[in-house]
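Student: entry_29.cif is the file, holding mmCIF, N, CA and C atoms:
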```cif
data_start
loop_
_atom_site.label_atom_id
_atom_site.label_comp_id
_atom_site.auth_asym_id
_atom_site.auth_seq_id
_atom_site.Cartn_x
_atom_site.Cartn_y
_atom_site.Cartn_z
N MET A 22 2.00 -10.37 17.21
CA MET A 22 2.39 -10.62 15.83
C MET A 22 1.68 -9.61 14.95
N SER A 23 2.39 -9.05 13.99
CA SER A 23 1.75 -8.10 13.08
C SER A 23 1.59 -8.71 11.70
N TYR A 24 0.88 -7.98 10.86
CA TYR A 24 0.46 -8.48 9.56
C TYR A 24 0.82 -7.42 8.52
N VAL A 25 1.40 -7.85 7.41
CA VAL A 25 1.82 -6.92 6.36
C VAL A 25 1.21 -7.36 5.03
N VAL A 26 0.69 -6.36 4.31
CA VAL A 26 0.16 -6.61 2.97
C VAL A 26 1.02 -5.83 1.98
N ALA A 27 1.51 -6.53 0.96
CA ALA A 27 2.31 -5.91 -0.09
C ALA A 27 1.49 -5.93 -1.38
N ASN A 28 1.32 -4.77 -1.98
CA ASN A 28 0.64 -4.67 -3.27
C ASN A 28 1.69 -4.24 -4.28
N ARG A 29 2.02 -5.12 -5.19
CA ARG A 29 3.01 -4.83 -6.23
C ARG A 29 2.26 -4.34 -7.47
N VAL A 30 2.63 -3.13 -7.93
CA VAL A 30 1.90 -2.48 -9.02
C VAL A 30 2.88 -2.00 -10.07
N PHE A 31 2.74 -2.53 -11.28
CA PHE A 31 3.56 -2.08 -12.40
C PHE A 31 2.86 -0.89 -13.06
N VAL A 32 3.48 0.28 -12.98
CA VAL A 32 2.90 1.52 -13.49
C VAL A 32 3.71 1.98 -14.70
N LYS A 33 3.01 2.33 -15.77
CA LYS A 33 3.69 2.87 -16.94
C LYS A 33 4.35 4.19 -16.58
N GLN A 34 5.52 4.43 -17.15
CA GLN A 34 6.36 5.58 -16.79
C GLN A 34 5.59 6.91 -16.82
N GLN A 35 4.75 7.11 -17.80
CA GLN A 35 4.04 8.40 -17.93
C GLN A 35 2.96 8.59 -16.87
N TYR A 36 2.66 7.57 -16.08
CA TYR A 36 1.63 7.67 -15.05
C TYR A 36 2.21 7.65 -13.63
N THR A 37 3.52 7.57 -13.48
CA THR A 37 4.09 7.41 -12.14
C THR A 37 3.80 8.62 -11.24
N ARG A 38 3.86 9.81 -11.79
CA ARG A 38 3.61 11.01 -10.98
C ARG A 38 2.18 11.00 -10.43
N GLU A 39 1.21 10.68 -11.29
CA GLU A 39 -0.19 10.61 -10.84
C GLU A 39 -0.37 9.52 -9.80
N PHE A 40 0.25 8.37 -10.02
CA PHE A 40 0.14 7.25 -9.08
C PHE A 40 0.63 7.68 -7.70
N GLU A 41 1.80 8.31 -7.64
CA GLU A 41 2.35 8.74 -6.35
C GLU A 41 1.49 9.83 -5.72
N GLN A 42 1.00 10.76 -6.52
CA GLN A 42 0.22 11.86 -5.98
C GLN A 42 -1.08 11.36 -5.35
N ARG A 43 -1.68 10.36 -5.95
CA ARG A 43 -2.91 9.81 -5.38
C ARG A 43 -2.68 9.28 -3.98
N PHE A 44 -1.56 8.63 -3.75
CA PHE A 44 -1.26 8.14 -2.40
C PHE A 44 -0.97 9.30 -1.46
N LYS A 45 -0.25 10.29 -1.93
CA LYS A 45 0.05 11.45 -1.09
C LYS A 45 -1.23 12.17 -0.68
N ASN A 46 -2.19 12.25 -1.59
CA ASN A 46 -3.44 12.96 -1.32
C ASN A 46 -4.33 12.25 -0.32
N ARG A 47 -4.25 10.92 -0.26
CA ARG A 47 -5.18 10.20 0.62
C ARG A 47 -4.49 9.43 1.74
N ALA A 48 -3.22 9.71 1.94
CA ALA A 48 -2.44 8.94 2.93
C ALA A 48 -3.06 8.99 4.32
N GLY A 49 -3.65 10.10 4.72
CA GLY A 49 -4.19 10.22 6.07
C GLY A 49 -5.46 9.42 6.31
N GLN A 50 -6.16 9.01 5.25
CA GLN A 50 -7.42 8.29 5.43
C GLN A 50 -7.22 6.94 6.10
N ILE A 51 -6.22 6.22 5.68
CA ILE A 51 -6.01 4.88 6.24
C ILE A 51 -5.56 4.94 7.70
N ASN A 52 -4.94 6.07 8.08
CA ASN A 52 -4.45 6.21 9.45
C ASN A 52 -5.55 6.10 10.49
N GLN A 53 -6.79 6.36 10.10
CA GLN A 53 -7.92 6.34 11.04
C GLN A 53 -8.44 4.93 11.30
N GLN A 54 -7.94 3.95 10.56
CA GLN A 54 -8.48 2.60 10.66
C GLN A 54 -7.96 1.88 11.90
N PRO A 55 -8.87 1.25 12.66
CA PRO A 55 -8.44 0.47 13.83
C PRO A 55 -7.45 -0.63 13.40
N GLY A 56 -6.36 -0.74 14.10
CA GLY A 56 -5.37 -1.78 13.82
C GLY A 56 -4.33 -1.38 12.78
N PHE A 57 -4.48 -0.21 12.17
CA PHE A 57 -3.49 0.26 11.19
C PHE A 57 -2.21 0.67 11.92
N VAL A 58 -1.06 0.30 11.35
CA VAL A 58 0.23 0.63 11.95
C VAL A 58 1.04 1.58 11.05
N LEU A 59 1.20 1.23 9.78
CA LEU A 59 2.11 1.97 8.91
C LEU A 59 1.79 1.68 7.45
N MET A 60 1.96 2.70 6.59
CA MET A 60 1.89 2.49 5.14
C MET A 60 3.16 3.05 4.53
N GLU A 61 3.71 2.32 3.58
CA GLU A 61 4.88 2.78 2.82
C GLU A 61 4.61 2.54 1.34
N VAL A 62 4.90 3.55 0.52
CA VAL A 62 4.82 3.40 -0.93
C VAL A 62 6.26 3.47 -1.43
N LEU A 63 6.73 2.38 -1.99
CA LEU A 63 8.12 2.26 -2.42
C LEU A 63 8.23 2.48 -3.93
N ARG A 64 9.01 3.48 -4.33
CA ARG A 64 9.22 3.79 -5.75
C ARG A 64 10.31 2.88 -6.29
N PRO A 65 10.05 2.22 -7.41
CA PRO A 65 11.07 1.34 -8.00
C PRO A 65 12.23 2.15 -8.55
N GLN A 66 13.39 1.53 -8.58
CA GLN A 66 14.59 2.16 -9.09
C GLN A 66 14.93 1.70 -10.50
N SER A 67 14.06 0.90 -11.09
CA SER A 67 14.21 0.51 -12.50
C SER A 67 12.81 0.40 -13.10
N GLU A 68 12.71 0.60 -14.39
CA GLU A 68 11.41 0.57 -15.07
C GLU A 68 10.80 -0.82 -15.11
N LYS A 69 11.60 -1.84 -14.88
CA LYS A 69 11.09 -3.21 -14.93
C LYS A 69 10.63 -3.72 -13.58
N THR A 70 10.68 -2.85 -12.57
CA THR A 70 10.35 -3.22 -11.21
C THR A 70 9.04 -2.53 -10.81
N PRO A 71 8.16 -3.21 -10.08
CA PRO A 71 6.90 -2.58 -9.70
C PRO A 71 7.05 -1.64 -8.50
N TYR A 72 6.10 -0.74 -8.36
CA TYR A 72 5.92 -0.04 -7.08
C TYR A 72 5.50 -1.10 -6.08
N VAL A 73 5.84 -0.89 -4.82
CA VAL A 73 5.37 -1.77 -3.76
C VAL A 73 4.70 -0.89 -2.71
N VAL A 74 3.44 -1.18 -2.44
CA VAL A 74 2.70 -0.48 -1.40
C VAL A 74 2.57 -1.45 -0.23
N LEU A 75 3.21 -1.09 0.88
CA LEU A 75 3.18 -1.93 2.08
C LEU A 75 2.25 -1.31 3.10
N THR A 76 1.33 -2.10 3.63
CA THR A 76 0.53 -1.66 4.77
C THR A 76 0.78 -2.65 5.90
N HIS A 77 1.00 -2.10 7.08
CA HIS A 77 1.28 -2.89 8.28
C HIS A 77 0.06 -2.78 9.20
N TRP A 78 -0.34 -3.90 9.77
CA TRP A 78 -1.55 -3.98 10.60
C TRP A 78 -1.25 -4.73 11.88
N ASP A 79 -2.04 -4.47 12.90
CA ASP A 79 -1.93 -5.22 14.16
C ASP A 79 -2.27 -6.69 13.97
N SER A 80 -3.17 -6.97 13.01
CA SER A 80 -3.64 -8.34 12.81
C SER A 80 -4.21 -8.49 11.40
N GLU A 81 -4.36 -9.73 10.99
CA GLU A 81 -5.00 -10.01 9.71
C GLU A 81 -6.45 -9.49 9.72
N GLN A 82 -7.12 -9.66 10.85
CA GLN A 82 -8.52 -9.22 10.97
C GLN A 82 -8.63 -7.70 10.78
N ALA A 83 -7.68 -6.93 11.30
CA ALA A 83 -7.70 -5.47 11.13
C ALA A 83 -7.63 -5.12 9.65
N PHE A 84 -6.78 -5.81 8.89
CA PHE A 84 -6.70 -5.58 7.44
C PHE A 84 -8.02 -5.90 6.77
N HIS A 85 -8.61 -7.04 7.08
CA HIS A 85 -9.87 -7.44 6.46
C HIS A 85 -11.00 -6.48 6.84
N ASN A 86 -10.97 -5.98 8.05
CA ASN A 86 -11.98 -4.99 8.46
C ASN A 86 -11.85 -3.72 7.61
N TRP A 87 -10.62 -3.30 7.34
CA TRP A 87 -10.42 -2.11 6.50
C TRP A 87 -10.92 -2.35 5.09
N VAL A 88 -10.61 -3.52 4.52
CA VAL A 88 -11.04 -3.84 3.15
C VAL A 88 -12.57 -3.82 3.06
N GLY A 89 -13.25 -4.18 4.13
CA GLY A 89 -14.71 -4.17 4.14
C GLY A 89 -15.33 -2.84 4.55
N SER A 90 -14.50 -1.83 4.81
CA SER A 90 -15.01 -0.56 5.33
C SER A 90 -15.45 0.41 4.25
N ASP A 91 -16.25 1.39 4.65
CA ASP A 91 -16.65 2.46 3.74
C ASP A 91 -15.45 3.30 3.32
N ASP A 92 -14.47 3.47 4.20
CA ASP A 92 -13.27 4.23 3.86
C ASP A 92 -12.49 3.56 2.73
N PHE A 93 -12.43 2.24 2.74
CA PHE A 93 -11.75 1.51 1.66
C PHE A 93 -12.48 1.75 0.35
N LYS A 94 -13.81 1.64 0.37
CA LYS A 94 -14.60 1.88 -0.84
C LYS A 94 -14.39 3.30 -1.36
N LEU A 95 -14.36 4.27 -0.46
CA LEU A 95 -14.14 5.66 -0.83
C LEU A 95 -12.76 5.86 -1.45
N ALA A 96 -11.75 5.24 -0.87
CA ALA A 96 -10.38 5.38 -1.37
C ALA A 96 -10.19 4.76 -2.74
N HIS A 97 -11.05 3.80 -3.10
CA HIS A 97 -10.90 3.09 -4.37
C HIS A 97 -12.02 3.38 -5.36
N GLN A 98 -12.84 4.40 -5.10
CA GLN A 98 -14.00 4.65 -5.96
C GLN A 98 -13.65 5.30 -7.29
N ASN A 99 -12.51 5.98 -7.39
CA ASN A 99 -12.14 6.67 -8.61
C ASN A 99 -10.76 6.20 -9.06
N PRO A 100 -10.66 4.96 -9.54
CA PRO A 100 -9.34 4.40 -9.86
C PRO A 100 -8.72 5.06 -11.10
N MET A 101 -7.42 4.93 -11.19
CA MET A 101 -6.71 5.39 -12.39
C MET A 101 -7.14 4.51 -13.56
N SER A 102 -6.95 5.04 -14.76
CA SER A 102 -7.25 4.30 -15.99
C SER A 102 -6.45 3.01 -16.04
N LYS A 103 -7.06 1.97 -16.55
CA LYS A 103 -6.35 0.69 -16.71
C LYS A 103 -5.16 0.84 -17.64
N ASP A 104 -5.18 1.86 -18.50
CA ASP A 104 -4.05 2.13 -19.41
C ASP A 104 -2.78 2.51 -18.65
N ALA A 105 -2.90 2.90 -17.38
CA ALA A 105 -1.75 3.34 -16.58
C ALA A 105 -0.89 2.17 -16.11
N PHE A 106 -1.40 0.96 -16.23
CA PHE A 106 -0.74 -0.19 -15.60
C PHE A 106 -0.29 -1.23 -16.62
N LEU A 107 0.77 -1.92 -16.26
CA LEU A 107 1.26 -3.05 -17.03
C LEU A 107 0.77 -4.33 -16.36
N GLU A 108 0.89 -5.43 -17.06
CA GLU A 108 0.52 -6.74 -16.50
C GLU A 108 1.46 -7.13 -15.37
N GLY A 109 0.95 -7.93 -14.46
CA GLY A 109 1.78 -8.46 -13.38
C GLY A 109 1.45 -7.81 -12.05
N GLY A 110 2.23 -8.18 -11.06
CA GLY A 110 2.02 -7.63 -9.73
C GLY A 110 0.90 -8.35 -9.00
N GLY A 111 0.38 -7.71 -7.97
CA GLY A 111 -0.71 -8.28 -7.20
C GLY A 111 -0.48 -8.13 -5.71
N ILE A 112 -1.43 -8.67 -4.97
CA ILE A 112 -1.44 -8.57 -3.51
C ILE A 112 -0.76 -9.79 -2.89
N GLU A 113 0.09 -9.53 -1.91
CA GLU A 113 0.72 -10.59 -1.13
C GLU A 113 0.48 -10.27 0.34
N GLN A 114 0.25 -11.29 1.15
CA GLN A 114 -0.04 -11.08 2.58
C GLN A 114 0.93 -11.91 3.42
N TYR A 115 1.42 -11.28 4.50
CA TYR A 115 2.45 -11.90 5.31
C TYR A 115 2.19 -11.72 6.80
N GLU A 116 2.63 -12.67 7.61
CA GLU A 116 2.75 -12.50 9.05
C GLU A 116 4.20 -12.17 9.33
N VAL A 117 4.44 -11.21 10.19
CA VAL A 117 5.81 -10.82 10.54
C VAL A 117 6.39 -11.84 11.51
N VAL A 118 7.53 -12.39 11.16
CA VAL A 118 8.22 -13.36 12.00
C VAL A 118 9.30 -12.66 12.82
N VAL A 119 10.05 -11.76 12.16
CA VAL A 119 11.10 -11.00 12.81
C VAL A 119 11.01 -9.57 12.35
N SER A 120 11.14 -8.64 13.28
CA SER A 120 11.16 -7.23 12.95
C SER A 120 12.25 -6.57 13.78
N SER A 121 13.04 -5.72 13.14
CA SER A 121 14.12 -5.04 13.84
C SER A 121 14.18 -3.60 13.39
N SER A 122 14.48 -2.69 14.30
CA SER A 122 14.66 -1.30 13.92
C SER A 122 15.65 -0.65 14.85
N ASP A 123 16.19 0.45 14.39
CA ASP A 123 17.12 1.22 15.20
C ASP A 123 16.39 2.44 15.70
N ASP A 124 15.86 2.37 16.90
CA ASP A 124 15.06 3.45 17.49
C ASP A 124 15.90 4.69 17.78
N SER A 125 17.22 4.57 17.74
CA SER A 125 18.06 5.74 18.01
C SER A 125 18.12 6.69 16.83
N LYS A 126 17.71 6.18 15.64
CA LYS A 126 17.66 7.04 14.44
C LYS A 126 16.22 7.54 14.31
N GLY A 127 16.05 8.77 14.12
CA GLY A 127 14.68 9.10 13.96
C GLY A 127 14.32 10.46 13.96
#
```
Any chance you could put this one into structure tokens?
Tutor:
Amino acid sequence: MSYVVANRVFVKQQYTREFEQRFKNRAGQINQQPGFVLMEVLRPQSEKTPYVVLTHWDSEQAFHNWVGSDDFKLAHQNPMSKDAFLEGGGIEQYEVVVSSSDDSKG
């Protein structure tokens, strides 16, 4: 069974480029974490919709180990200004019940 964490983030329009670039710049850091499977940053298609950052893990414990790691602290030590964000959003955590993919595409 795998574990998925969704972080919904409402970003003001003038900060979207910086928000995306920060993930592009540090995307490889999380890859080194034990139990890490996949990260996806989803760009909203309307201004009223949040970005969604999905991280996939082998287990809930792997996610919690990352949150407690020095790499997590390093990745979050220089946050964007609070002015960049709107109210709402937050962290959601899920266990995967069903997963399907088309391995022939790729």
Student: Apply the PyMOL selection byres (((chain A and resi 30-38 and name CA) around 6) and name CA) to the file shown and report the selected residues as a PyMOL selection string.
Tutor: chain A and resi 29+39-41+71-72+105-107+110
Student: DSSP on the backbone, then: every residue of chain A marked strand (DSSP E or B), written as JSON, numbers by chain.
Tutor: {"A": [24, 25, 26, 27, 28, 29, 30, 32, 57, 58, 59, 60, 61, 62, 63, 72, 73, 74, 75, 76, 77, 78, 106, 111, 112, 113, 114, 115, 116]}
Student: Please compute the atom N of Phe93 of chain A-atom N of Gln50 of chain A distance, one decimal, in Å.
Tutor: 9.6 Å
Student: Hey, what's within 8 Å of Gln114 of chain A if we count only N, CA and C atoms and toss same-chain stuff fewer than 3 positions away? As a list in words, please?
Tutor: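 After dropping sequence-adjacent residues, the list is Tyr24, Val25, Val26, Ala27, Asn28, Gly111 and Val117 of chain A.
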Student: Using only N, CA and C atoms, what residues lie at most 6.5 Å away from (-0.8, -1.1, 15.9) (file coordinates), given as a PyMOL selection string?
Tutor: chain A and resi 56-58+78-79
Student: Looking only at alpha helix (DSSP H) from DSSP on the backbone, list the matching residues of segment 22-98 of chain A as a count of residues only.
Tutor: 29
Student: Return the single residue from A:Pro55, A:Met101, A:Asp123, A:Met60 that is closest to Gln82 of chain A, with distances computed using only N, CA and C atoms.
Tutor: A:Pro55
Student: Can you measure atom CA of Arg43 of chain A to atom CA of Leu95 of chain A for me? One decimal in Å is fine.
Tutor: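 Straight-line distance from atom CA of Arg43 of chain A to atom CA of Leu95 of chain A works out to 12.8 Å.
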Student: Could you state the separation of atom C of Val88 of chain A and atom CA of Glu113 of chain A in Å, given to one decimal place?
Tutor: 15.5 Å
Student: I'd like to know which of A:Ser121, A:Lys103, A:Leu59, A:Glu108 is closest to His77 of chain A, using all atoms listed in the file.
Tutor: A:Leu59
Student: I'd like to know which of A:Gln53, A:Glu68, A:Ser23, A:Asp124 is closest to Asp92 of chain A, using only C-alpha atoms.
Tutor: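 That would be A:Gln53, the residue with the smallest distance to Asp92 of chain A.
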Student: Just so the selection is clear, what residues does the PyMOL selection byres (((chain A and resi 61 and name CA) around 7) and name CA) cover here, as a count of residues only?
Tutor: 7
Student: Compare A:Glu116, A:Ala48, A:Gly109, A:His97 by their minimum atom-to-atom distance to Lys69 of chain A, counting only C-alpha atoms, and give me the closest one.
Tutor: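 Closest to Lys69 of chain A, using only C-alpha atoms: A:Gly109.
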